[in-house]
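Since the structure comes first, as structure tokens, the remarks are kept for the end.
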Amino acid sequence: MTTHPPTDLRLPSYPRAGGGVHPPLDSPGYRSTALRAPHQPLVLIPQRLTEITGPLLGPERVTAADADLTRQHAGEPLGERIIVTGRVLDSDGRPIPDTLLEVWQANAAGRYQHKVDQHPAPLDPNFSGVGRCVTDSAGRYRFMTIKPGSYPWGNHHNAWRPAHIHFSMFGRAFTQRLVTQMYFSDDPLFPYDPIFNSIPDPAARERLISRFSIDLTEPDWALAYTWDIVLRGTGATPFEAQDGVR
Amino acid sequence: MSRGLTPSQTVGPFLGMGLPWPDGPFVVAEGTPGAITITGRLTDGAGDPVPDGLIETWQADPAGRFDHPDDPRGVPAGGTGFRAFGRCPTGPDGRYRIITLRPGALPSPDGGTEAPHLDVSVFARGLLDRVVTRIYFADEAAANAADPVLAGIADEDRRATLIATAAAAAAGAEGSYRFDIRLQGAGETVFFDV
């Protein structure tokens, strides 16, 4: 095995998110957390080689057709055609090029193409609701899809999810991995949704809401929504974590 | 300039639509010389299987190298030829399976050596953010004893939740390991803030 003297090992560090950004794992309003959120506190560890590296997944995982969810079948899906576009950045403002994004969503009627989804709304044979793309050299991504519908779920009486698209991002490092949901502005269901409201900081919550853009809207074709995704950056702050110490 | 981070949200119950890949569990092809299999179950606080979860693994290659520009030791000429990343959804019984190569030990910036390990992300309905753990190997006792992360966990029973144990090997496989992940309660797996 080849190793180098430890003095060579100057690693980038990814400062942790401040309080209020990510939802606490134990969020009683979202009932499924009750038996799944760990009870023990997370153990803080310094970032070492395994954490500051990560899978660099890119073009080999996608085809050009994967970014257009409206053209994956013989016919056109029903619903409002939309463009969802933006950039993947780190918190230092640097774009993250050549990184894989994966999305999945309900159809226009609020139904997922998934056997577990029992919502009595129609499936659309022309819509699978799954897409992938890779950011360009400026960190930009772009999907063509159908605006997803809202749908009921069993969390509490009369519970409905605001319309959303699930997004999965890798960035460049294990520390940057993020799976989240993108919402649409002015959704009337925001005040009632325990998943959206599990984010403590209202300003952070707002960062999950895409904005309509008339400039990026394609005339006679599709409305556009923009949404930037910000992953952890490599701030200049040296890490001070020690194993097992919080 | 500093930008506000995008918050995490749960993968929800329909992650199986978007995240699994047919080749996800195969970090290397089955039958690759030296391939090992890691299997286990993801369970909740009641001990019930979690059927709507996803396990992802990230690791060094057998020489302890990463094909990544931020590894200051440099990338071996021609790369490592190793995907190093695994991904497997949990089944109805909460079970997952990753086929990979044993990672090598790693130098640590503080001068020590990290024992062979995989970093693991766990996603599931009911998890508003991923939880992160590590898989170590029971047959690396000496290396484990010197590992700085394991050394930081004082409680022996807790530490044991991070160690994959040898399981009966499938035909033709070099080694088979068992690594269960308990999200909550008795035998709760150690999860890390990275």
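Identifiers in this document derive from the order of the structure tokens: chains are assigned A, B, ..., residues are numbered from 1 separately in each chain, and ligands are numbered from 1 in order of occurrence.
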What are the closest atom pairs, with distances in Å to one decimal, for all residues of chain A lying within 6 Å of chain B? Consider only C-alpha atoms, order rows by chain and residue number, and present the result as CSV.
residue,atom,partner,partner_atom,distance
A:Met1,CA,B:Ala63,CA,5.3
A:Pro6,CA,B:Gly111,CA,5.0
A:Leu9,CA,B:Pro109,CA,5.3
A:Val21,CA,B:Pro7,CA,5.4
A:His22,CA,B:Pro7,CA,4.9
A:Leu25,CA,B:Leu128,CA,5.6
A:Ser32,CA,B:Gly126,CA,4.4
A:Thr33,CA,B:Gly126,CA,4.4
A:Leu35,CA,B:Gly45,CA,4.7
A:Arg36,CA,B:Asp44,CA,5.3
A:Pro38,CA,B:Gln184,CA,4.5
A:His39,CA,B:Gln184,CA,5.9
A:Leu42,CA,B:Phe192,CA,4.9
A:Val43,CA,B:Phe192,CA,4.5
A:Leu44,CA,B:Asp193,CA,4.6
A:Ile45,CA,B:Val194,CA,5.8
A:Ser91,CA,B:Arg3,CA,4.6
A:Asp92,CA,B:Ser2,CA,4.9
A:Trp104,CA,B:Gly18,CA,5.2
A:Val130,CA,B:Gly18,CA,5.6
A:Val179,CA,B:Ser8,CA,5.9
A:Thr180,CA,B:Gln9,CA,4.3
A:Gln181,CA,B:Gln9,CA,5.9
A:Ile229,CA,B:Thr6,CA,5.9
A:Val230,CA,B:Leu5,CA,5.0
A:Leu231,CA,B:Leu5,CA,5.9
A:Asp243,CA,B:Gly152,CA,4.8
A:Gly244,CA,B:Gly152,CA,4.3
Could you name the residues that touch Ala160 in chain B at 12 Å or less, counting only C-alpha atoms, but leaving out those on the same chain fewer than 2 positions away, as JSON, numbers by chain? {"B": [134, 135, 136, 137, 138, 141, 144, 145, 150, 151, 153, 154, 155, 156, 157, 158, 162, 163, 164, 165, 179, 180, 181, 187, 188, 189, 190]}
Selection near Val62 in chain A, 12 Å with only C-alpha atoms, sequence-local residues under 6 positions removed, as a list in words: Asp68, Asp98, Thr99, Leu100, Leu101, Glu102, Val130, Gly131, Arg132, Cys133, Val134 and Thr135 of chain A; Trp21 of chain B
Between CA of Asp220 in chain A and CA of Gln72 in chain A, what is the spacing in Å?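 The value is 21.0 Å.
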Can you check which residues of range 15-82 of chain B DSSP gives as alpha helix (DSSP H) on the backbone and send them as a ChimeraX atom specification? /B:15-18
Grab the residues selected above and save them as an mmCIF file, in the first residue's frame with C-alpha atoms.
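As a result, out02.cif now contains:
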data_model
loop_
_atom_site.group_PDB
_atom_site.id
_atom_site.type_symbol
_atom_site.label_atom_id
_atom_site.label_comp_id
_atom_site.auth_asym_id
_atom_site.auth_seq_id
_atom_site.Cartn_x
_atom_site.Cartn_y
_atom_site.Cartn_z
ATOM 1 C CA LEU B 15 -37.725 7.458 -3.767
ATOM 2 C CA GLY B 16 -37.796 4.104 -5.536
ATOM 3 C CA MET B 17 -38.916 5.902 -8.704
ATOM 4 C CA GLY B 18 -35.982 8.213 -8.993
#
